[in-house]
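Shown next: input.cif, containing mmCIF, C-alpha atoms.
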```cif
data_input
#
loop_
_atom_site.label_atom_id
_atom_site.label_comp_id
_atom_site.auth_asym_id
_atom_site.auth_seq_id
_atom_site.Cartn_x
_atom_site.Cartn_y
_atom_site.Cartn_z
CA MET A 1 -166.19 -46.00 -188.61
CA LYS A 2 -167.54 -48.93 -186.61
CA LYS A 3 -171.19 -49.97 -187.01
CA HIS A 4 -172.47 -49.98 -183.48
CA PHE A 5 -175.27 -48.40 -181.41
CA VAL A 6 -173.87 -46.38 -178.51
CA LYS A 7 -175.92 -46.30 -175.30
CA THR A 8 -175.52 -42.67 -174.26
CA ALA A 9 -177.24 -40.82 -171.41
CA ASN A 10 -180.32 -40.21 -173.57
CA TYR A 11 -180.67 -43.94 -174.21
CA ARG A 12 -180.36 -44.70 -170.51
CA ARG A 13 -183.09 -42.15 -169.66
CA PHE A 14 -185.24 -43.67 -172.42
CA VAL A 15 -184.91 -47.19 -170.98
CA ASP A 16 -185.61 -45.87 -167.48
CA GLY A 17 -188.79 -44.25 -168.83
CA ILE A 18 -189.95 -47.53 -170.35
CA GLN A 19 -189.40 -49.32 -167.05
CA THR A 20 -191.49 -46.66 -165.30
CA VAL A 21 -194.37 -47.12 -167.74
CA GLU A 22 -194.22 -50.90 -167.47
CA ALA A 23 -194.43 -50.61 -163.67
CA ARG A 24 -197.45 -48.27 -163.82
CA GLY A 25 -200.47 -48.63 -161.58
CA ALA A 26 -203.17 -47.60 -164.06
CA ALA A 27 -203.37 -50.14 -166.89
CA GLU A 28 -204.70 -47.59 -169.38
CA ALA A 29 -201.76 -45.20 -168.83
CA SER A 30 -199.56 -47.23 -171.16
CA MET A 31 -198.10 -44.41 -173.27
CA MET A 32 -194.71 -42.72 -173.14
CA LEU A 33 -193.68 -39.48 -174.83
CA VAL A 34 -190.18 -38.87 -176.21
CA HIS A 35 -189.40 -35.29 -177.22
CA GLY A 36 -186.46 -33.04 -178.03
CA ASN A 37 -184.74 -31.05 -180.74
CA ALA A 38 -183.67 -32.62 -184.01
CA GLY A 39 -180.27 -34.30 -184.09
CA TYR A 40 -180.19 -35.59 -180.52
CA GLY A 41 -180.61 -39.25 -181.48
CA LYS A 42 -184.33 -39.90 -180.94
CA SER A 43 -184.98 -41.79 -184.17
CA GLU A 44 -181.80 -43.87 -183.89
CA THR A 45 -182.70 -44.85 -180.33
CA LEU A 46 -186.28 -45.73 -181.22
CA ASP A 47 -185.21 -47.76 -184.23
CA HIS A 48 -182.58 -49.66 -182.23
CA TRP A 49 -184.94 -50.39 -179.33
CA SER A 50 -187.74 -51.44 -181.69
CA THR A 51 -185.44 -53.88 -183.47
CA GLN A 52 -184.20 -55.34 -180.20
CA THR A 53 -187.72 -55.82 -178.79
CA ASP A 54 -189.61 -56.72 -181.99
CA ALA A 55 -191.77 -53.62 -181.54
CA ILE A 56 -193.78 -51.96 -184.28
CA TYR A 57 -191.88 -48.92 -185.56
CA LEU A 58 -193.70 -46.47 -187.82
CA ARG A 59 -192.63 -43.02 -188.94
CA ALA A 60 -195.69 -40.80 -189.34
CA ASN A 61 -196.29 -38.87 -192.55
CA VAL A 62 -197.77 -35.41 -192.81
CA ASP A 63 -200.75 -36.75 -194.78
CA TRP A 64 -201.65 -39.58 -192.39
CA THR A 65 -205.34 -40.17 -191.73
CA PRO A 66 -206.69 -42.81 -189.31
CA LYS A 67 -207.26 -45.24 -192.21
CA TYR A 68 -203.83 -44.51 -193.70
CA PHE A 69 -202.30 -45.25 -190.29
CA LEU A 70 -204.18 -48.56 -190.05
CA ILE A 71 -202.98 -49.59 -193.51
CA GLU A 72 -199.35 -48.77 -192.64
CA LEU A 73 -199.74 -50.74 -189.43
CA ALA A 74 -201.16 -53.69 -191.39
CA LYS A 75 -198.23 -53.59 -193.80
CA PHE A 76 -195.75 -53.69 -190.93
CA LEU A 77 -197.54 -56.63 -189.32
CA ARG A 78 -198.10 -58.36 -192.67
CA THR A 79 -201.82 -58.38 -192.03
CA ASP A 80 -204.58 -58.19 -194.64
CA PRO A 81 -205.30 -54.43 -195.03
CA SER A 82 -208.60 -54.85 -196.86
CA GLY A 83 -212.09 -54.11 -195.64
CA SER A 84 -213.58 -51.35 -193.55
CA SER A 85 -211.62 -49.43 -190.93
CA GLU A 86 -213.60 -51.19 -188.20
CA LYS A 87 -212.77 -54.68 -189.48
CA LEU A 88 -209.13 -53.78 -190.08
CA PHE A 89 -208.83 -52.30 -186.59
CA ALA A 90 -210.28 -55.48 -185.08
CA ARG A 91 -207.78 -57.70 -186.94
CA LEU A 92 -204.84 -55.54 -185.91
CA LEU A 93 -206.02 -55.26 -182.31
CA ALA A 94 -206.32 -59.03 -182.00
CA LYS A 95 -202.71 -59.49 -183.10
CA ILE A 96 -201.26 -56.61 -181.06
CA ALA A 97 -203.16 -57.51 -177.89
CA GLY A 98 -202.59 -61.23 -178.28
CA GLU A 99 -198.83 -60.88 -178.71
CA GLN A 100 -198.44 -57.69 -176.60
CA ILE A 101 -196.47 -55.94 -179.33
CA PRO A 102 -195.22 -52.45 -178.36
CA ILE A 103 -196.01 -49.63 -180.80
CA VAL A 104 -193.59 -46.80 -181.62
CA ILE A 105 -194.78 -43.76 -183.61
CA ASP A 106 -191.89 -41.52 -184.64
CA GLU A 107 -192.49 -37.95 -185.84
CA ALA A 108 -195.84 -38.05 -184.07
CA ASP A 109 -196.14 -34.27 -184.61
CA HIS A 110 -197.73 -35.21 -187.96
CA CYS A 111 -200.57 -36.96 -186.10
CA LEU A 112 -201.93 -33.83 -184.43
CA HIS A 113 -203.94 -32.34 -187.29
CA ASN A 114 -207.72 -32.82 -187.55
CA ASN A 115 -208.06 -32.71 -183.75
CA ALA A 116 -205.41 -35.42 -183.33
CA ALA A 117 -207.61 -38.00 -185.08
CA VAL A 118 -204.67 -40.33 -185.78
CA LEU A 119 -203.44 -40.21 -182.19
CA GLU A 120 -206.95 -40.99 -181.02
CA LYS A 121 -206.77 -44.17 -183.09
CA VAL A 122 -203.37 -44.95 -181.56
CA ARG A 123 -204.93 -44.38 -178.13
CA ASP A 124 -207.62 -46.92 -178.98
CA PHE A 125 -204.94 -49.56 -179.44
CA ALA A 126 -203.26 -48.56 -176.18
CA ASP A 127 -206.53 -48.67 -174.22
CA ARG A 128 -207.77 -51.99 -175.56
CA SER A 129 -204.48 -53.90 -175.69
CA GLU A 130 -202.77 -52.26 -172.67
CA THR A 131 -199.51 -52.60 -174.55
CA LEU A 132 -196.73 -50.00 -174.45
CA VAL A 133 -197.08 -47.14 -176.94
CA ILE A 134 -194.23 -44.67 -177.49
CA LEU A 135 -194.85 -41.34 -179.22
CA ALA A 136 -191.85 -39.30 -180.36
CA GLY A 137 -191.69 -35.76 -181.66
CA MET A 138 -190.01 -32.39 -181.57
CA GLU A 139 -189.52 -30.24 -178.49
CA LYS A 140 -192.98 -28.61 -178.64
CA ILE A 141 -195.02 -31.80 -178.98
CA GLN A 142 -195.55 -32.12 -175.23
CA GLY A 143 -197.45 -28.84 -175.08
CA LYS A 144 -199.49 -29.72 -178.16
CA ILE A 145 -200.52 -33.12 -176.83
CA ALA A 146 -201.45 -31.53 -173.50
CA ARG A 147 -204.40 -29.90 -175.30
CA HIS A 148 -205.91 -33.35 -175.83
CA ASP A 149 -206.89 -34.71 -172.41
CA GLN A 150 -207.88 -38.16 -173.65
CA ILE A 151 -204.34 -38.67 -174.94
CA SER A 152 -202.22 -36.75 -172.43
CA SER A 153 -203.91 -38.48 -169.47
CA ARG A 154 -202.61 -41.81 -170.77
CA ILE A 155 -198.97 -40.70 -170.89
CA ALA A 156 -197.24 -42.19 -167.86
CA ARG A 157 -193.80 -40.72 -168.58
CA ALA A 158 -192.22 -38.04 -170.78
CA VAL A 159 -188.53 -38.36 -171.65
CA GLU A 160 -186.64 -35.39 -173.07
CA PHE A 161 -183.64 -36.01 -175.31
CA LEU A 162 -180.89 -33.53 -174.46
CA PRO A 163 -177.66 -32.47 -176.22
CA ALA A 164 -174.85 -35.00 -175.96
CA THR A 165 -172.53 -34.23 -173.05
CA ILE A 166 -168.74 -34.30 -173.19
CA ASP A 167 -168.89 -37.78 -171.62
CA ASP A 168 -171.38 -38.88 -174.30
CA THR A 169 -169.13 -37.51 -177.03
CA GLN A 170 -166.07 -39.26 -175.63
CA GLN A 171 -168.09 -42.48 -175.44
CA LEU A 172 -169.17 -42.08 -179.08
CA CYS A 173 -165.55 -41.51 -180.10
CA ASP A 174 -164.28 -44.48 -178.07
CA GLU A 175 -166.90 -46.92 -179.40
CA LEU A 176 -167.18 -45.78 -183.01
CA CYS A 177 -163.91 -44.30 -184.16
CA GLU A 178 -161.22 -46.57 -185.63
CA VAL A 179 -158.53 -44.39 -184.00
CA LYS A 180 -158.05 -43.12 -180.45
CA VAL A 181 -159.41 -39.63 -179.80
CA HIS A 182 -157.81 -37.34 -177.21
CA PRO A 183 -160.25 -36.00 -174.56
CA GLN A 184 -159.49 -32.40 -175.57
CA LEU A 185 -160.46 -33.22 -179.15
CA ALA A 186 -163.64 -34.96 -177.97
CA ALA A 187 -164.49 -31.82 -176.00
CA GLU A 188 -163.92 -29.71 -179.12
CA ILE A 189 -166.24 -32.00 -181.09
CA GLN A 190 -168.93 -31.65 -178.43
CA LYS A 191 -168.61 -27.86 -178.48
CA ALA A 192 -168.58 -27.56 -182.28
CA SER A 193 -171.57 -29.88 -182.67
CA ALA A 194 -173.61 -28.31 -179.84
CA GLY A 195 -174.27 -31.87 -178.73
CA ARG A 196 -176.07 -32.94 -181.91
CA VAL A 197 -175.30 -36.61 -182.46
CA ARG A 198 -175.57 -36.31 -186.24
CA GLU A 199 -172.83 -33.70 -186.30
CA ILE A 200 -170.73 -35.63 -183.80
CA MET A 201 -170.81 -38.61 -186.15
CA ASN A 202 -169.67 -36.44 -189.06
CA ALA A 203 -166.85 -35.04 -186.93
CA ILE A 204 -165.74 -38.53 -185.91
CA ALA A 205 -165.43 -39.44 -189.58
CA VAL A 206 -163.15 -36.41 -190.13
CA VAL A 207 -161.03 -37.33 -187.10
CA GLU A 208 -160.80 -40.94 -188.21
CA ARG A 209 -159.46 -39.96 -191.63
CA ALA A 210 -156.89 -37.68 -190.00
CA GLY A 211 -155.82 -40.44 -187.60
CA LEU A 212 -155.45 -43.06 -190.29
CA LYS A 213 -153.41 -40.63 -192.38
CA LYS A 214 -151.24 -39.97 -189.33
CA GLY A 215 -150.50 -43.68 -189.16
CA GLY A 216 -151.22 -44.43 -185.52
CA GLY A 217 -151.31 -42.98 -182.06
CA ILE A 218 -153.96 -40.87 -180.36
CA VAL A 219 -155.46 -38.06 -182.47
CA THR A 220 -155.12 -34.63 -180.84
CA LEU A 221 -156.44 -31.15 -181.54
CA GLN A 222 -153.18 -30.31 -183.29
CA ASP A 223 -153.70 -33.20 -185.71
CA VAL A 224 -156.98 -31.75 -186.99
CA GLU A 225 -156.06 -28.06 -186.94
CA GLY A 226 -157.49 -26.33 -189.99
CA LEU A 227 -160.01 -29.10 -190.65
CA ALA A 228 -163.77 -28.59 -190.58
CA LEU A 229 -165.23 -30.88 -187.93
CA THR A 230 -168.82 -29.72 -188.43
CA HIS A 231 -170.75 -27.29 -190.59
CA ASP A 232 -172.71 -24.25 -189.41
CA TRP A 233 -175.75 -24.54 -191.71
CA GLN A 234 -177.18 -21.21 -190.53
CA ALA A 235 -174.00 -19.26 -191.34
CA ARG A 236 -173.35 -21.59 -194.31
CA LYS A 237 -169.74 -22.14 -193.37
CA PRO A 238 -167.65 -24.93 -191.83
CA ARG A 239 -166.54 -24.85 -188.21
CA VAL A 240 -162.77 -25.12 -188.56
CA VAL A 241 -160.52 -26.20 -185.69
CA ARG A 242 -158.22 -23.40 -184.51
CA VAL A 243 -155.70 -24.39 -181.86
CA GLY A 244 -154.74 -21.82 -179.24
CA GLY A 245 -157.45 -19.37 -180.24
CA LYS A 246 -155.81 -18.60 -183.60
#
```

Now that the file is in, can you turn its structure into structure tokens?
Amino acid sequence: MKKHFVKTANYRRFVDGIQTVEARGAAEASMMLVHGNAGYGKSETLDHWSTQTDAIYLRANVDWTPKYFLIELAKFLRTDPSGSSEKLFARLLAKIAGEQIPIVIDEADHCLHNNAAVLEKVRDFADRSETLVILAGMEKIQGKIARHDQISSRIARAVEFLPATIDDTQQLCDELCEVKVHPQLAAEIQKASAGRVREIMNAIAVVERAGLKKGGGIVTLQDVEGLALTHDWQARKPRVVRVGGK
């Protein structure tokens, strides 16, 4: 399978959201929220965008405290993490504000305990540096953040990651798979995966092996009949391709 980031509809909505935040009227409203179910490509998109823009990318831990967050931020920026929280914050703020470095916090759901103390610290950076801050979490994070006015009032845009469409799935197949994938097979992959990018990737690997074994030509539904494209973890069984409703 090819190593390549595919710019699906979710990615395009994500970039559109960033452009909206950057064009905001209120300087302090510099935050964007990314939310959606697991498996829809949030982390991959955030990681790719962060790498391309030299942004700070941190994945929150369940045991984060404000000081723990500052230390992780210092490690990422290769900044001296010693001293009091106040002195460390000042050092980090000077670098982030001076270089206008965007901040991405993935799995921000973990930052909501203790009255969202960690997110309040993130907000401090957003307010004082006016740099872009992206928070990402599961589908219910929007409602949880809404309980904290000081944070939610600074969110200029919320972007929901949705299941991959048939067009997205065909695009993933076209750009990643080492063999050609028939549109009917791409549609079957989308249906079997319920639009979860992680499962689509696993299915593409199965299709690729079948295509290489076939020795060339476009891979069709018939070529993968009887193979498990994805796995139903709830029923604990594979989703096997059955052609013609068999």

Distance table requested - region 79-170 of chain A against region 5-29 of chain A, cut-off 9 Å, only C-alpha atoms: one row per qualifying residue with the closest atom pair and its distance in Å to one decimal, ordered by chain and rising residue number, as a Markdown table.
```
| residue | atom | partner | partner_atom | distance |
| --- | --- | --- | --- | --- |
| A:Ala126 | CA | A:Glu28 | CA | 7.0 |
| A:Asp127 | CA | A:Glu28 | CA | 5.3 |
| A:Arg128 | CA | A:Glu28 | CA | 8.2 |
| A:Ser129 | CA | A:Glu28 | CA | 8.9 |
| A:Glu130 | CA | A:Glu28 | CA | 6.0 |
| A:Thr131 | CA | A:Glu28 | CA | 8.9 |
| A:Leu132 | CA | A:Glu22 | CA | 7.5 |
| A:Ile134 | CA | A:Ile18 | CA | 8.8 |
| A:Ser153 | CA | A:Ala29 | CA | 7.1 |
| A:Arg154 | CA | A:Ala29 | CA | 4.0 |
| A:Ile155 | CA | A:Ala29 | CA | 5.7 |
| A:Ala156 | CA | A:Ala29 | CA | 5.5 |
| A:Arg157 | CA | A:Gly17 | CA | 6.1 |
| A:Ala158 | CA | A:Gly17 | CA | 7.4 |
| A:Val159 | CA | A:Phe14 | CA | 6.3 |
| A:Glu160 | CA | A:Asn10 | CA | 8.0 |
| A:Phe161 | CA | A:Asn10 | CA | 5.6 |
| A:Leu162 | CA | A:Asn10 | CA | 6.8 |
| A:Pro163 | CA | A:Asn10 | CA | 8.6 |
| A:Ala164 | CA | A:Ala9 | CA | 7.8 |
| A:Thr165 | CA | A:Ala9 | CA | 8.3 |
| A:Asp167 | CA | A:Thr8 | CA | 8.7 |
| A:Asp168 | CA | A:Thr8 | CA | 5.6 |
| A:Thr169 | CA | A:Thr8 | CA | 8.7 |
```

- Item | Leu88 (chain A) surroundings by all atoms listed in the file, 12 Å radius, close-in-sequence under 5 positions cut, as a PyMOL selection string | chain A and resi 66-75+77+79-83+93-95

- Coordinates-based distance that separates CA of Glu188 (chain A) from CA of Leu229 (chain A) (Å, one decimal):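 Result for CA of Leu229 (chain A) versus CA of Glu188 (chain A): 9.0 Å, one decimal.
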
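The interatomic distance for the pair CA of Phe76 (chain A) and CA of Val197 (chain A) works out to 28.0 Å.
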
Enumerate, as a PDB file with C-alpha atoms, in the coordinates of the input, the residues matched when the PyMOL selection byres ((chain A and resi 139-150) around 7) is run on the file above.
```pdb
ATOM      1  CA  HIS A  35    -189.400 -35.290-177.220  1.00  0.00           C
ATOM      2  CA  GLY A  36    -186.460 -33.040-178.030  1.00  0.00           C
ATOM      3  CA  ASN A  37    -184.740 -31.050-180.740  1.00  0.00           C
ATOM      4  CA  ASP A 109    -196.140 -34.270-184.610  1.00  0.00           C
ATOM      5  CA  GLY A 137    -191.690 -35.760-181.660  1.00  0.00           C
ATOM      6  CA  MET A 138    -190.010 -32.390-181.570  1.00  0.00           C
ATOM      7  CA  ILE A 151    -204.340 -38.670-174.940  1.00  0.00           C
ATOM      8  CA  SER A 152    -202.220 -36.750-172.430  1.00  0.00           C
ATOM      9  CA  SER A 153    -203.910 -38.480-169.470  1.00  0.00           C
TER      10      SER A 153
END
```

- Given the file shown, enumerate the residues that the PyMOL selection byres ((chain A and resi 106) around 8) captures and present them as a PyMOL selection string. chain A and resi 43+46+57-60+104-105+107-108+135-137

- Query: Which is closest to Leu119 (chain A) among A:Leu227, A:Met31, A:Leu221, A:Val179, if we use only C-alpha atoms?
  - Reply: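 Ranking A:Leu227, A:Met31, A:Leu221, A:Val179 by distance to Leu119 (chain A), first place goes to A:Met31.
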
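Relative to CA of Ser85 (chain A), CA of Ala116 (chain A) is found at 17.1 Å.
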
- Message: Under the PyMOL selection byres ((chain A and resi 222-225) around 9), which residues of this model are included? Write them out as a VMD selection string.
- Response: chain A and resid 185 206 to 207 210 to 211 214 219 to 221 226 to 229 240 to 243

- Message: Restricting the calculation to all atoms listed in the file: of A:Asn115, A:Lys121, A:Ala186, A:His4, which residue gets closest to Thr45 (chain A)?
- Response: A:His4

Around all of region 212-230 of chain A's listed atoms, make the axis-aligned box with 6 Å on each side and tell me centre and edge lengths in Å to one decimal, as JSON.
```
{"center_x": -159.7, "center_y": -35.4, "center_z": -186.4, "size_x": 30.3, "size_y": 30.1, "size_z": 24.0}
```

- Query: Please, which residues are within 12 Å of (-175.3, -28.9, -181.3) by the file's coordinates, counting all atoms listed in the file, and could they come as a ChimeraX atom specification?
  - Reply: /A:37-41,162-166,169,188-201,203,230-233,239

- Counting all atoms listed in the file, the residue among A:Leu112, A:Ile96, A:Cys177, A:Val118 that lies closest to Lys3 (chain A) is A:Cys177

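Of the residues listed (A:Gln170, A:Ser30, A:Asn114, A:Gln100), A:Gln170 shows the shortest atom-to-atom separation from Pro183 (chain A); distances use all atoms listed in the file.
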
- Considering all atoms listed in the file, state which residue in the set A:Glu178, A:Glu208, A:Asp63, A:Asp54 is at the smallest distance from His110 (chain A).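 Among A:Glu178, A:Glu208, A:Asp63, A:Asp54, it is A:Asp63 that comes nearest to His110 (chain A).
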